[in-house]
$ cat data.cif   # mmCIF, C-alpha atoms and all ligand atoms
data_coords
loop_
_atom_site.label_atom_id
_atom_site.label_comp_id
_atom_site.auth_asym_id
_atom_site.auth_seq_id
_atom_site.Cartn_x
_atom_site.Cartn_y
_atom_site.Cartn_z
CA MET A 28 14.26 -76.64 180.52
CA ASN A 29 14.40 -76.56 176.73
CA PRO A 30 10.84 -77.07 175.38
CA ASP A 31 12.14 -78.27 172.00
CA PRO A 32 15.19 -80.49 172.41
CA TRP A 33 15.21 -81.08 168.62
CA LYS A 34 15.79 -77.41 167.90
CA ILE A 35 19.28 -77.21 169.35
CA SER A 36 20.32 -80.59 167.99
CA ARG A 37 19.02 -79.81 164.53
CA THR A 38 20.86 -76.51 164.28
CA LYS A 39 24.09 -78.02 165.48
CA ILE A 40 23.86 -81.13 163.36
CA TYR A 41 23.16 -79.22 160.15
CA ALA A 42 26.13 -77.01 160.92
CA ILE A 43 28.49 -79.95 161.33
CA THR A 44 27.29 -82.18 158.52
CA ARG A 45 27.68 -79.43 155.90
CA ARG A 46 25.35 -81.20 153.50
CA ILE A 47 25.35 -79.33 150.19
CA CYS A 48 21.86 -78.89 148.77
CA HIS A 49 20.42 -77.29 145.71
CA ARG A 50 16.89 -77.07 144.39
CA SER A 51 15.68 -78.82 141.27
CA GLY A 52 12.07 -77.88 140.51
CA SER A 53 10.22 -78.43 143.76
CA SER A 54 12.43 -81.29 144.95
CA ILE A 55 15.50 -81.23 147.15
CA VAL A 56 18.57 -82.82 145.57
CA TRP A 57 21.39 -83.93 147.83
CA THR A 58 24.81 -83.65 146.31
CA GLY A 59 26.62 -85.34 149.12
CA MET A 60 27.23 -85.60 152.81
CA ASN A 61 30.56 -84.83 154.38
CA THR A 62 30.80 -86.91 157.53
CA ASN A 63 34.53 -87.59 157.30
CA SER A 64 35.77 -84.62 159.25
CA ILE A 65 33.02 -84.46 161.85
CA ALA A 66 34.29 -84.30 165.39
CA THR A 67 32.37 -86.48 167.82
CA ASP A 68 30.61 -84.43 170.48
CA ALA A 69 29.81 -86.77 173.35
CA ALA A 70 27.13 -84.38 174.65
CA GLU A 71 25.22 -84.75 171.37
CA SER A 72 25.60 -88.50 171.07
CA TRP A 73 22.22 -90.21 170.94
CA LYS A 74 21.42 -93.87 171.25
CA ILE A 75 19.89 -94.86 167.90
CA VAL A 76 18.68 -98.39 167.16
CA VAL A 77 18.65 -99.58 163.55
CA ILE A 78 16.29 -102.55 163.20
CA GLY A 79 17.60 -104.54 160.23
CA GLY A 80 21.03 -102.97 160.75
CA SER A 81 22.76 -105.87 158.95
CA GLY A 82 20.78 -105.36 155.70
CA LEU A 83 21.57 -103.43 152.51
CA ILE A 84 20.25 -100.09 153.78
CA GLY A 85 20.73 -100.84 157.49
CA SER A 86 24.48 -101.48 157.32
CA LYS A 87 25.06 -98.18 155.45
CA LEU A 88 22.83 -96.27 157.86
CA VAL A 89 24.64 -97.72 160.90
CA ARG A 90 27.97 -96.65 159.40
CA ASN A 91 26.75 -93.10 158.64
CA LEU A 92 25.26 -92.55 162.10
CA ARG A 93 28.39 -93.89 163.84
CA LYS A 94 30.47 -91.44 161.78
CA LEU A 95 28.32 -88.67 163.23
CA GLY A 96 29.31 -89.83 166.73
CA HIS A 97 26.08 -91.54 167.78
CA GLU A 98 25.79 -94.72 169.81
CA VAL A 99 24.23 -97.02 167.23
CA VAL A 100 22.82 -100.47 167.92
CA SER A 101 22.50 -102.70 164.87
CA ALA A 102 19.53 -104.90 165.77
CA SER A 103 18.61 -108.02 163.82
CA PRO A 104 18.48 -111.80 164.33
CA SER A 105 22.20 -112.08 163.52
CA SER A 106 22.94 -109.84 166.52
CA GLY A 107 20.35 -111.49 168.82
CA VAL A 108 17.37 -109.16 168.23
CA ASN A 109 14.27 -110.69 166.67
CA THR A 110 11.31 -108.35 166.23
CA LEU A 111 8.97 -111.25 165.41
CA THR A 112 9.54 -113.12 168.68
CA GLY A 113 10.55 -110.05 170.70
CA GLU A 114 13.87 -111.68 171.65
CA GLY A 115 16.45 -109.06 172.70
CA LEU A 116 14.19 -106.14 171.72
CA ALA A 117 13.69 -104.51 175.17
CA ALA A 118 17.42 -104.65 175.95
CA ALA A 119 18.34 -103.20 172.54
CA LEU A 120 15.89 -100.29 172.95
CA ALA A 121 16.70 -99.41 176.57
CA GLY A 122 17.75 -95.74 176.66
CA ALA A 123 17.24 -95.27 172.90
CA ARG A 124 16.09 -91.92 171.58
CA VAL A 125 15.48 -92.91 167.95
CA VAL A 126 14.56 -96.21 166.25
CA VAL A 127 14.92 -96.67 162.49
CA ASP A 128 13.18 -99.77 161.14
CA VAL A 129 14.74 -100.91 157.86
CA ALA A 130 14.10 -104.64 158.34
CA ASN A 131 12.54 -106.78 155.65
CA SER A 132 10.62 -110.02 155.73
CA PRO A 133 12.64 -113.15 154.84
CA SER A 134 9.55 -114.40 152.95
CA PHE A 135 7.48 -112.34 150.46
CA GLU A 136 4.65 -114.91 150.44
CA ASP A 137 1.38 -113.03 151.12
CA LYS A 138 0.56 -114.46 154.56
CA ALA A 139 4.16 -114.57 155.81
CA VAL A 140 5.00 -111.02 154.81
CA LEU A 141 1.80 -109.63 156.38
CA GLU A 142 2.50 -111.51 159.59
CA PHE A 143 6.09 -110.20 159.57
CA PHE A 144 5.26 -106.50 159.26
CA GLU A 145 2.21 -106.66 161.58
CA THR A 146 3.82 -108.67 164.38
CA ALA A 147 7.21 -106.95 164.18
CA GLY A 148 5.50 -103.56 163.97
CA ARG A 149 3.41 -104.20 167.09
CA ASN A 150 6.41 -105.55 169.04
CA ILE A 151 8.69 -102.65 168.08
CA LEU A 152 6.12 -99.94 168.87
CA ALA A 153 5.24 -101.53 172.24
CA ALA A 154 8.93 -101.78 173.19
CA GLU A 155 9.48 -98.16 172.11
CA ALA A 156 6.65 -96.96 174.37
CA VAL A 157 8.30 -98.69 177.35
CA ALA A 158 11.76 -97.36 176.46
CA GLY A 159 10.53 -93.77 175.92
CA VAL A 160 11.67 -93.56 172.29
CA THR A 161 10.91 -90.11 170.84
CA HIS A 162 11.13 -90.82 167.08
CA HIS A 163 10.20 -93.95 165.11
CA ILE A 164 11.29 -94.00 161.48
CA ALA A 165 10.26 -96.72 159.05
CA LEU A 166 11.37 -97.33 155.48
CA SER A 167 8.42 -98.04 153.19
CA VAL A 168 7.88 -97.95 149.43
CA VAL A 169 6.60 -95.20 147.10
CA GLY A 170 3.17 -96.22 145.78
CA THR A 171 2.36 -98.55 148.68
CA ASP A 172 -1.21 -97.19 148.84
CA ARG A 173 -1.65 -97.65 145.05
CA MET A 174 -0.39 -101.24 144.91
CA LEU A 175 -2.70 -103.01 147.35
CA ALA A 176 -3.40 -105.86 144.93
CA SER A 177 0.05 -107.06 145.98
CA GLY A 178 0.46 -108.98 149.25
CA TYR A 179 3.84 -107.29 149.86
CA PHE A 180 2.34 -103.81 149.59
CA ARG A 181 -0.65 -104.77 151.79
CA ALA A 182 1.93 -105.77 154.41
CA LYS A 183 3.81 -102.46 154.06
CA MET A 184 0.47 -100.63 154.34
CA ALA A 185 -0.28 -102.56 157.54
CA GLN A 186 3.13 -101.53 158.89
CA GLU A 187 2.40 -97.86 158.10
CA THR A 188 -1.10 -98.04 159.62
CA LEU A 189 0.26 -99.40 162.92
CA ILE A 190 2.83 -96.61 163.08
CA LYS A 191 0.21 -93.89 162.47
CA ALA A 192 -2.11 -95.35 165.13
CA ALA A 193 0.61 -95.56 167.80
CA THR A 194 1.65 -92.79 170.18
CA ILE A 195 5.34 -92.59 169.20
CA PRO A 196 6.20 -89.54 167.03
CA TYR A 197 7.15 -90.90 163.61
CA THR A 198 8.40 -90.35 160.10
CA ILE A 199 7.47 -92.79 157.34
CA VAL A 200 10.01 -92.67 154.53
CA ARG A 201 8.71 -94.09 151.26
CA ALA A 202 11.53 -94.82 148.79
CA THR A 203 11.31 -95.89 145.17
CA GLN A 204 12.98 -99.15 144.07
CA PHE A 205 16.71 -99.43 144.79
CA PHE A 206 19.14 -99.73 141.83
CA GLU A 207 20.34 -102.93 143.53
CA PHE A 208 16.79 -104.36 143.14
CA ILE A 209 16.65 -104.11 139.32
CA GLY A 210 18.24 -107.55 138.94
CA ALA A 211 15.47 -109.05 141.10
CA ILE A 212 12.85 -107.29 138.93
CA ALA A 213 14.42 -108.86 135.83
CA GLN A 214 14.57 -112.25 137.53
CA ALA A 215 10.91 -112.14 138.59
CA ALA A 216 9.95 -111.24 134.99
CA THR A 217 11.92 -114.13 133.48
CA ASP A 218 10.41 -117.21 131.87
CA GLY A 219 13.09 -119.42 130.35
CA GLN A 220 15.30 -117.13 128.25
CA THR A 221 12.68 -114.37 128.00
CA VAL A 222 12.32 -111.32 130.24
CA ARG A 223 8.85 -109.76 129.83
CA VAL A 224 8.79 -106.27 131.34
CA SER A 225 6.30 -103.41 131.56
CA PRO A 226 7.24 -99.98 130.17
CA ALA A 227 5.76 -98.34 133.29
CA MET A 228 7.66 -95.31 134.55
CA MET A 229 9.90 -95.69 137.59
CA GLN A 230 12.33 -93.38 139.39
CA PRO A 231 14.73 -95.72 141.21
CA ILE A 232 17.36 -94.64 143.72
CA VAL A 233 20.69 -96.09 144.82
CA SER A 234 20.91 -97.55 148.33
CA ASP A 235 23.72 -95.13 149.33
CA ASP A 236 21.39 -92.18 148.68
CA VAL A 237 18.57 -93.82 150.67
CA ALA A 238 20.95 -94.36 153.59
CA ALA A 239 22.18 -90.74 153.37
CA ALA A 240 18.61 -89.40 153.48
CA LEU A 241 17.68 -91.69 156.38
CA THR A 242 20.77 -90.49 158.27
CA ASP A 243 19.54 -86.94 158.00
CA ILE A 244 15.98 -87.90 158.95
CA ALA A 245 17.17 -89.91 161.97
CA ILE A 246 18.69 -86.82 163.55
CA ALA A 247 15.87 -84.43 162.63
CA ALA A 248 12.50 -83.87 164.29
CA PRO A 249 9.67 -86.35 163.59
CA LEU A 250 7.36 -85.24 160.77
CA ASN A 251 4.38 -87.32 161.92
CA GLY A 252 3.84 -87.85 158.22
CA ILE A 253 5.29 -89.34 155.06
CA VAL A 254 8.29 -88.20 153.04
CA GLU A 255 9.18 -89.66 149.65
CA LEU A 256 12.66 -90.48 148.31
CA ALA A 257 13.46 -91.08 144.65
CA GLY A 258 16.34 -91.09 142.21
CA PRO A 259 17.23 -88.04 140.08
CA GLU A 260 15.29 -89.02 136.96
CA PRO A 261 12.27 -90.99 135.74
CA ILE A 262 13.11 -93.99 133.57
CA ARG A 263 10.90 -96.74 132.14
CA MET A 264 11.10 -100.24 133.61
CA ASN A 265 11.91 -101.86 130.24
CA GLU A 266 14.71 -99.34 129.67
CA LEU A 267 16.14 -99.96 133.16
CA VAL A 268 16.12 -103.71 132.70
CA CYS A 269 17.56 -103.37 129.18
CA GLN A 270 20.51 -101.30 130.47
CA PHE A 271 21.02 -103.68 133.38
CA LEU A 272 21.07 -106.82 131.21
CA THR A 273 23.36 -105.18 128.64
CA VAL A 274 25.97 -104.20 131.22
CA GLN A 275 25.81 -107.70 132.74
CA GLY A 276 26.36 -109.24 129.29
CA ASP A 277 23.10 -111.12 129.89
CA SER A 278 21.77 -112.60 126.65
CA ARG A 279 18.16 -113.12 127.76
CA GLU A 280 15.61 -111.72 125.28
CA LEU A 281 13.81 -108.62 126.54
CA ILE A 282 10.16 -108.15 125.56
CA THR A 283 8.31 -104.95 126.40
CA ASP A 284 4.73 -105.75 127.36
CA ALA A 285 2.33 -103.12 128.74
CA GLY A 286 0.37 -105.91 130.45
CA ALA A 287 3.39 -107.48 132.13
CA GLY A 288 2.76 -105.83 135.51
CA TYR A 289 5.14 -105.73 138.45
CA PHE A 290 5.45 -108.85 140.63
CA GLY A 291 2.00 -109.89 139.42
CA THR A 292 0.35 -106.52 139.98
CA GLU A 293 -0.88 -104.10 137.29
CA VAL A 294 1.16 -100.92 137.00
CA ASN A 295 0.92 -97.63 135.11
CA ASP A 296 3.17 -94.56 134.95
CA GLN A 297 1.89 -93.32 138.31
CA SER A 298 2.16 -96.59 140.29
CA LEU A 299 5.86 -96.51 141.16
CA THR A 300 6.76 -92.84 140.76
CA PRO A 301 6.77 -90.25 143.55
CA GLY A 302 4.24 -87.44 144.02
CA GLU A 303 5.06 -83.78 144.60
CA ASN A 304 8.18 -82.72 146.51
CA PRO A 305 10.14 -85.93 146.83
CA ILE A 306 13.70 -85.80 148.14
CA LEU A 307 15.92 -86.76 145.20
CA GLY A 308 19.16 -88.72 145.49
CA PRO A 309 21.92 -87.40 143.21
CA THR A 310 23.17 -90.71 141.76
CA HIS A 311 22.18 -91.53 138.16
CA PHE A 312 21.45 -95.14 137.20
CA ALA A 313 23.79 -95.04 134.18
CA ASP A 314 26.70 -93.80 136.35
CA TRP A 315 26.03 -96.49 138.98
CA LEU A 316 25.88 -99.20 136.30
CA ARG A 317 29.31 -98.18 135.00
CA GLN A 318 30.91 -98.57 138.45
CA PRO A 319 32.92 -101.74 139.12
CA VAL A 320 31.02 -104.33 141.18
CA THR A 321 33.31 -103.69 144.19
CA ALA A 322 32.20 -100.04 144.33
CA LYS A 323 28.47 -100.86 144.29
N1 LIG B 1 14.16 -103.26 147.62
C1 LIG B 1 13.66 -102.09 147.27
O1 LIG B 1 13.78 -101.67 146.10
C2 LIG B 1 12.94 -101.23 148.30
C3 LIG B 1 12.39 -99.99 147.92
C4 LIG B 1 11.80 -99.19 148.89
C5 LIG B 1 11.74 -99.60 150.21
N2 LIG B 1 12.26 -100.82 150.56
C6 LIG B 1 12.20 -101.22 151.97
O2 LIG B 1 13.52 -101.15 152.49
C7 LIG B 1 13.60 -101.96 153.66
C8 LIG B 1 14.99 -102.56 153.75
O3 LIG B 1 15.29 -103.31 152.62
P1 LIG B 1 16.74 -103.95 152.41
O4 LIG B 1 16.81 -104.36 150.98
O5 LIG B 1 17.81 -103.07 152.99
O6 LIG B 1 16.61 -105.26 153.32
P2 LIG B 1 17.62 -106.49 153.41
O7 LIG B 1 18.97 -106.16 152.85
O8 LIG B 1 16.90 -107.69 152.87
O9 LIG B 1 17.79 -106.68 154.98
C9 LIG B 1 16.75 -107.17 155.76
C10 LIG B 1 17.11 -106.93 157.20
O10 LIG B 1 15.97 -107.34 158.00
C11 LIG B 1 16.49 -108.08 159.09
N3 LIG B 1 15.48 -108.97 159.64
C12 LIG B 1 14.90 -110.06 159.07
N4 LIG B 1 14.08 -110.66 159.93
C13 LIG B 1 14.13 -109.94 161.08
C14 LIG B 1 13.52 -110.08 162.36
N5 LIG B 1 12.68 -111.08 162.65
N6 LIG B 1 13.83 -109.16 163.33
C15 LIG B 1 14.68 -108.14 163.05
N7 LIG B 1 15.27 -107.94 161.87
C16 LIG B 1 15.02 -108.85 160.90
C17 LIG B 1 17.69 -108.85 158.53
O11 LIG B 1 18.51 -109.29 159.59
P3 LIG B 1 19.55 -110.54 159.50
O12 LIG B 1 20.58 -110.13 158.49
O13 LIG B 1 20.11 -110.66 160.88
O14 LIG B 1 18.72 -111.71 159.07
C18 LIG B 1 18.34 -107.73 157.70
O15 LIG B 1 19.12 -106.89 158.51
C19 LIG B 1 12.41 -102.94 153.58
O16 LIG B 1 11.51 -102.66 154.62
C20 LIG B 1 11.76 -102.65 152.22
O17 LIG B 1 10.35 -102.72 152.27
C21 LIG B 1 12.86 -101.63 149.64
#
$ encode --input "data.cif" --output "structure tokens"
Amino acid sequence: MNPDPWKISRTKIYAITRRICHRSGSSIVWTGMNTNSIATDAAESWKIVVIGGSGLIGSKLVRNLRKLGHEVVSASPSSGVNTLTGEGLAAALAGARVVVDVANSPSFEDKAVLEFFETAGRNILAAEAVAGVTHHIALSVVGTDRMLASGYFRAKMAQETLIKAATIPYTIVRATQFFEFIGAIAQAATDGQTVRVSPAMMQPIVSDDVAAALTDIAIAAPLNGIVELAGPEPIRMNELVCQFLTVQGDSRELITDAGAGYFGTEVNDQSLTPGENPILGPTHFADWLRQPVTAK
């Protein structure tokens, strides 16, 4: 009997994915994943459940993992799986080896979002224990532990705490803000025709790069710890929003205000940026902005 089933899988999977990596400082930068020419090996096909598989990140992750030849279940209310009520959860997880939770709460109101991540977290972890799942992966946010004045981040912290206290081997992946979320940041900072934004440092990442990293993590051994994902470069929030509005031809007035905060919470240059050794996505914000909408 093989004492470390991950070892064989890992070696083989890295050989077939041919991901090209190079080092930048102490961070790993991914320059791409070649899944197009990968032959499906039925013996290596795992059942992997993506909770929130219909979402921005989830749909990309489902596609990547299917390309690698895995049996992937996209689990969310639109496919009959509700982690809040437990509906369809046991059936979806039966025989699963890995579960990746990339769901999000439909409401960001303090009480609702806490209830979502606590109840869903408990239900998922209990169902995983019954199903014999060997790796639970959850997508969280860089700075969660520094932003507890925010109800959303308290809810993400509660989700992480449940995972750490459970018996299922896990990897918590904390990502910085997605490029696709910058519009929502501008919207939340808008009053009339004015957008009031903090100059706090950020290091956002495109959703494709988050999905690529999660693909790799889903087929690797659990870390029983936290890994951070970020974009290739730091950039200030006001600068990000300025570039976003300019490309959109949006005429709202942008005001830089150090006291503006982030969704009602104070921020500084450390709040939203990763610590040491993050995994860096290769896509630059300016390049993404220049892409046609259909390519985003
Ligand atoms: N936005 C950012 O910048 C950012 C940064 C770092 C980390 N994150 C984290 O990334 C994760 C994914 O975000 P996203 O933007 O990809 O989410 P999203 O596009 O809003 O998708 C949310 C997903 O959650 C599912 N869902 C909602 N209620 C559910 C329930 N009761 N049971 C099961 N699934 C349910 C939805 O399913 P239906 O489509 O069927 O309703 C959908 O698939 C979140 O956990 C978030 O905290 C976000």
$ residues_near_ligand --input "data.cif" --ligand "ligand LIG 1 (chain B)" --cutoff "9 Å" --atoms "only C-alpha atoms and all ligand atoms" --output "MDAnalysis selection string"
chainID A and resid 77:86 101:114 116 128:133 143:144 147 165:169 179:180 183 200:209 211 231:234 237 256
$ write_last_selection --input "data.cif" --atoms "C-alpha atoms" --output "PDB file, in the frame of the given file"
ATOM      1  CA  VAL A  77      18.650 -99.580 163.550  1.00  0.00           C
ATOM      2  CA  ILE A  78      16.290-102.550 163.200  1.00  0.00           C
ATOM      3  CA  GLY A  79      17.600-104.540 160.230  1.00  0.00           C
ATOM      4  CA  GLY A  80      21.030-102.970 160.750  1.00  0.00           C
ATOM      5  CA  SER A  81      22.760-105.870 158.950  1.00  0.00           C
ATOM      6  CA  GLY A  82      20.780-105.360 155.700  1.00  0.00           C
ATOM      7  CA  LEU A  83      21.570-103.430 152.510  1.00  0.00           C
ATOM      8  CA  ILE A  84      20.250-100.090 153.780  1.00  0.00           C
ATOM      9  CA  GLY A  85      20.730-100.840 157.490  1.00  0.00           C
ATOM     10  CA  SER A  86      24.480-101.480 157.320  1.00  0.00           C
ATOM     11  CA  SER A 101      22.500-102.700 164.870  1.00  0.00           C
ATOM     12  CA  ALA A 102      19.530-104.900 165.770  1.00  0.00           C
ATOM     13  CA  SER A 103      18.610-108.020 163.820  1.00  0.00           C
ATOM     14  CA  PRO A 104      18.480-111.800 164.330  1.00  0.00           C
ATOM     15  CA  SER A 105      22.200-112.080 163.520  1.00  0.00           C
ATOM     16  CA  SER A 106      22.940-109.840 166.520  1.00  0.00           C
ATOM     17  CA  GLY A 107      20.350-111.490 168.820  1.00  0.00           C
ATOM     18  CA  VAL A 108      17.370-109.160 168.230  1.00  0.00           C
ATOM     19  CA  ASN A 109      14.270-110.690 166.670  1.00  0.00           C
ATOM     20  CA  THR A 110      11.310-108.350 166.230  1.00  0.00           C
ATOM     21  CA  LEU A 111       8.970-111.250 165.410  1.00  0.00           C
ATOM     22  CA  THR A 112       9.540-113.120 168.680  1.00  0.00           C
ATOM     23  CA  GLY A 113      10.550-110.050 170.700  1.00  0.00           C
ATOM     24  CA  GLU A 114      13.870-111.680 171.650  1.00  0.00           C
ATOM     25  CA  LEU A 116      14.190-106.140 171.720  1.00  0.00           C
ATOM     26  CA  ASP A 128      13.180 -99.770 161.140  1.00  0.00           C
ATOM     27  CA  VAL A 129      14.740-100.910 157.860  1.00  0.00           C
ATOM     28  CA  ALA A 130      14.100-104.640 158.340  1.00  0.00           C
ATOM     29  CA  ASN A 131      12.540-106.780 155.650  1.00  0.00           C
ATOM     30  CA  SER A 132      10.620-110.020 155.730  1.00  0.00           C
ATOM     31  CA  PRO A 133      12.640-113.150 154.840  1.00  0.00           C
ATOM     32  CA  PHE A 143       6.090-110.200 159.570  1.00  0.00           C
ATOM     33  CA  PHE A 144       5.260-106.500 159.260  1.00  0.00           C
ATOM     34  CA  ALA A 147       7.210-106.950 164.180  1.00  0.00           C
ATOM     35  CA  ALA A 165      10.260 -96.720 159.050  1.00  0.00           C
ATOM     36  CA  LEU A 166      11.370 -97.330 155.480  1.00  0.00           C
ATOM     37  CA  SER A 167       8.420 -98.040 153.190  1.00  0.00           C
ATOM     38  CA  VAL A 168       7.880 -97.950 149.430  1.00  0.00           C
ATOM     39  CA  VAL A 169       6.600 -95.200 147.100  1.00  0.00           C
ATOM     40  CA  TYR A 179       3.840-107.290 149.860  1.00  0.00           C
ATOM     41  CA  PHE A 180       2.340-103.810 149.590  1.00  0.00           C
ATOM     42  CA  LYS A 183       3.810-102.460 154.060  1.00  0.00           C
ATOM     43  CA  VAL A 200      10.010 -92.670 154.530  1.00  0.00           C
ATOM     44  CA  ARG A 201       8.710 -94.090 151.260  1.00  0.00           C
ATOM     45  CA  ALA A 202      11.530 -94.820 148.790  1.00  0.00           C
ATOM     46  CA  THR A 203      11.310 -95.890 145.170  1.00  0.00           C
ATOM     47  CA  GLN A 204      12.980 -99.150 144.070  1.00  0.00           C
ATOM     48  CA  PHE A 205      16.710 -99.430 144.790  1.00  0.00           C
ATOM     49  CA  PHE A 206      19.140 -99.730 141.830  1.00  0.00           C
ATOM     50  CA  GLU A 207      20.340-102.930 143.530  1.00  0.00           C
ATOM     51  CA  PHE A 208      16.790-104.360 143.140  1.00  0.00           C
ATOM     52  CA  ILE A 209      16.650-104.110 139.320  1.00  0.00           C
ATOM     53  CA  ALA A 211      15.470-109.050 141.100  1.00  0.00           C
ATOM     54  CA  PRO A 231      14.730 -95.720 141.210  1.00  0.00           C
ATOM     55  CA  ILE A 232      17.360 -94.640 143.720  1.00  0.00           C
ATOM     56  CA  VAL A 233      20.690 -96.090 144.820  1.00  0.00           C
ATOM     57  CA  SER A 234      20.910 -97.550 148.330  1.00  0.00           C
ATOM     58  CA  VAL A 237      18.570 -93.820 150.670  1.00  0.00           C
ATOM     59  CA  LEU A 256      12.660 -90.480 148.310  1.00  0.00           C
TER      60      LEU A 256
END
$ closest_residue --input "data.cif" --among "A:Gln270, A:Thr242, A:Ser225, A:Gln230" --to "Ala313 in chain A" --atoms "all atoms listed in the file"
A:Gln270
$ atom_distance --input "data.cif" --atom1 "CA of Pro226 in chain A" --atom2 "CA of Lys323 in chain A"
25.5 Å
$ atom_distance --input "data.cif" --atom1 "CA of Gly291 in chain A" --atom2 "CA of Ile262 in chain A"
20.3 Å
$ residues_around --input "data.cif" --residues "Leu241 in chain A" --least-positions-apart "2" --cutoff "9 Å" --atoms "only C-alpha atoms" --output "list in words"
Leu88, Val127, Ile164, Leu166, Val200, Asp236, Val237, Ala238, Ala239, Asp243, Ile244, Ala245 and Ile246 of chain A
$ closest_residue --input "data.cif" --among "A:Pro259, A:Pro196, A:Gly178, A:Gly122" --to "Leu152 in chain A" --atoms "all atoms listed in the file"
A:Pro196
$ closest_residue --input "data.cif" --among "A:Val320, A:Ala158, A:Leu189, A:Ala117" --to "Gln275 in chain A" --atoms "only C-alpha atoms"
A:Val320
$ closest_residue --input "data.cif" --among "A:Gln214, A:Asn265, A:Asn251, A:Thr221" --to "Thr283 in chain A" --atoms "all atoms listed in the file"
A:Asn265
$ closest_residue --input "data.cif" --among "A:Gly276, A:Ala285, A:Leu120, A:Val99" --to "Arg223 in chain A" --atoms "only C-alpha atoms"
A:Ala285
$ residues_around --input "data.cif" --residues "Gln318 in chain A" --least-positions-apart "6" --cutoff "12 Å" --atoms "only C-alpha atoms" --output "list in words"
Val274, Gln275, Thr310, His311 and Phe312 of chain A
$ write_last_selection --input "data.cif" --atoms "C-alpha atoms" --output "CSV table (one decimal), keeping the file's coordinate frame"
chain,number,residue,atom,x,y,z
A,274,VAL,CA,26.0,-104.2,131.2
A,275,GLN,CA,25.8,-107.7,132.7
A,310,THR,CA,23.2,-90.7,141.8
A,311,HIS,CA,22.2,-91.5,138.2
A,312,PHE,CA,21.4,-95.1,137.2
$ atom_distance --input "data.cif" --atom1 "CA of Ala156 in chain A" --atom2 "CA of Ala185 in chain A"
19.0 Å
$ closest_residue --input "data.cif" --among "A:Val89, A:Val125, A:Val254, A:Ala139" --to "Ile195 in chain A" --atoms "only C-alpha atoms"
A:Val125
$ residues_around --input "data.cif" --residues "Pro301 in chain A" --least-positions-apart "3" --cutoff "7 Å" --atoms "only C-alpha atoms" --output "number ranges by chain"
A: 169, 255, 257, 305
$ decode --input "data.cif" --residues "range 202-233 of chain A" --atoms "C-alpha atoms" --output "mmCIF file, in the first residue's frame"
data_model
loop_
_atom_site.group_PDB
_atom_site.id
_atom_site.type_symbol
_atom_site.label_atom_id
_atom_site.label_comp_id
_atom_site.auth_asym_id
_atom_site.auth_seq_id
_atom_site.Cartn_x
_atom_site.Cartn_y
_atom_site.Cartn_z
ATOM 1 C CA ALA A 202 -6.429 36.004 -2.651
ATOM 2 C CA THR A 203 -6.227 39.756 -3.089
ATOM 3 C CA GLN A 204 -9.101 41.604 -4.799
ATOM 4 C CA PHE A 205 -9.984 40.420 -8.312
ATOM 5 C CA PHE A 206 -9.549 42.850 -11.243
ATOM 6 C CA GLU A 207 -13.228 42.164 -11.966
ATOM 7 C CA PHE A 208 -14.083 43.609 -8.505
ATOM 8 C CA ILE A 209 -12.583 47.084 -9.111
ATOM 9 C CA GLY A 210 -15.857 48.335 -10.602
ATOM 10 C CA ALA A 211 -17.683 47.304 -7.413
ATOM 11 C CA ILE A 212 -15.058 49.153 -5.326
ATOM 12 C CA ALA A 213 -15.676 52.299 -7.394
ATOM 13 C CA GLN A 214 -19.432 51.850 -7.079
ATOM 14 C CA ALA A 215 -19.296 51.445 -3.290
ATOM 15 C CA ALA A 216 -17.177 54.630 -3.077
ATOM 16 C CA THR A 217 -19.601 56.684 -5.175
ATOM 17 C CA ASP A 218 -21.814 59.471 -3.884
ATOM 18 C CA GLY A 219 -23.674 61.181 -6.708
ATOM 19 C CA GLN A 220 -21.058 61.978 -9.375
ATOM 20 C CA THR A 221 -18.115 61.710 -6.964
ATOM 21 C CA VAL A 222 -15.943 58.652 -6.306
ATOM 22 C CA ARG A 223 -13.988 59.079 -3.048
ATOM 23 C CA VAL A 224 -11.201 56.509 -2.836
ATOM 24 C CA SER A 225 -8.331 55.746 -0.474
ATOM 25 C CA PRO A 226 -4.747 55.712 -1.800
ATOM 26 C CA ALA A 227 -4.072 52.505 0.183
ATOM 27 C CA MET A 228 -1.834 49.998 -1.558
ATOM 28 C CA MET A 229 -3.412 46.937 -3.157
ATOM 29 C CA GLN A 230 -2.080 44.081 -5.299
ATOM 30 C CA PRO A 231 -5.119 42.800 -7.205
ATOM 31 C CA ILE A 232 -5.193 39.669 -9.347
ATOM 32 C CA VAL A 233 -7.259 38.589 -12.347
#
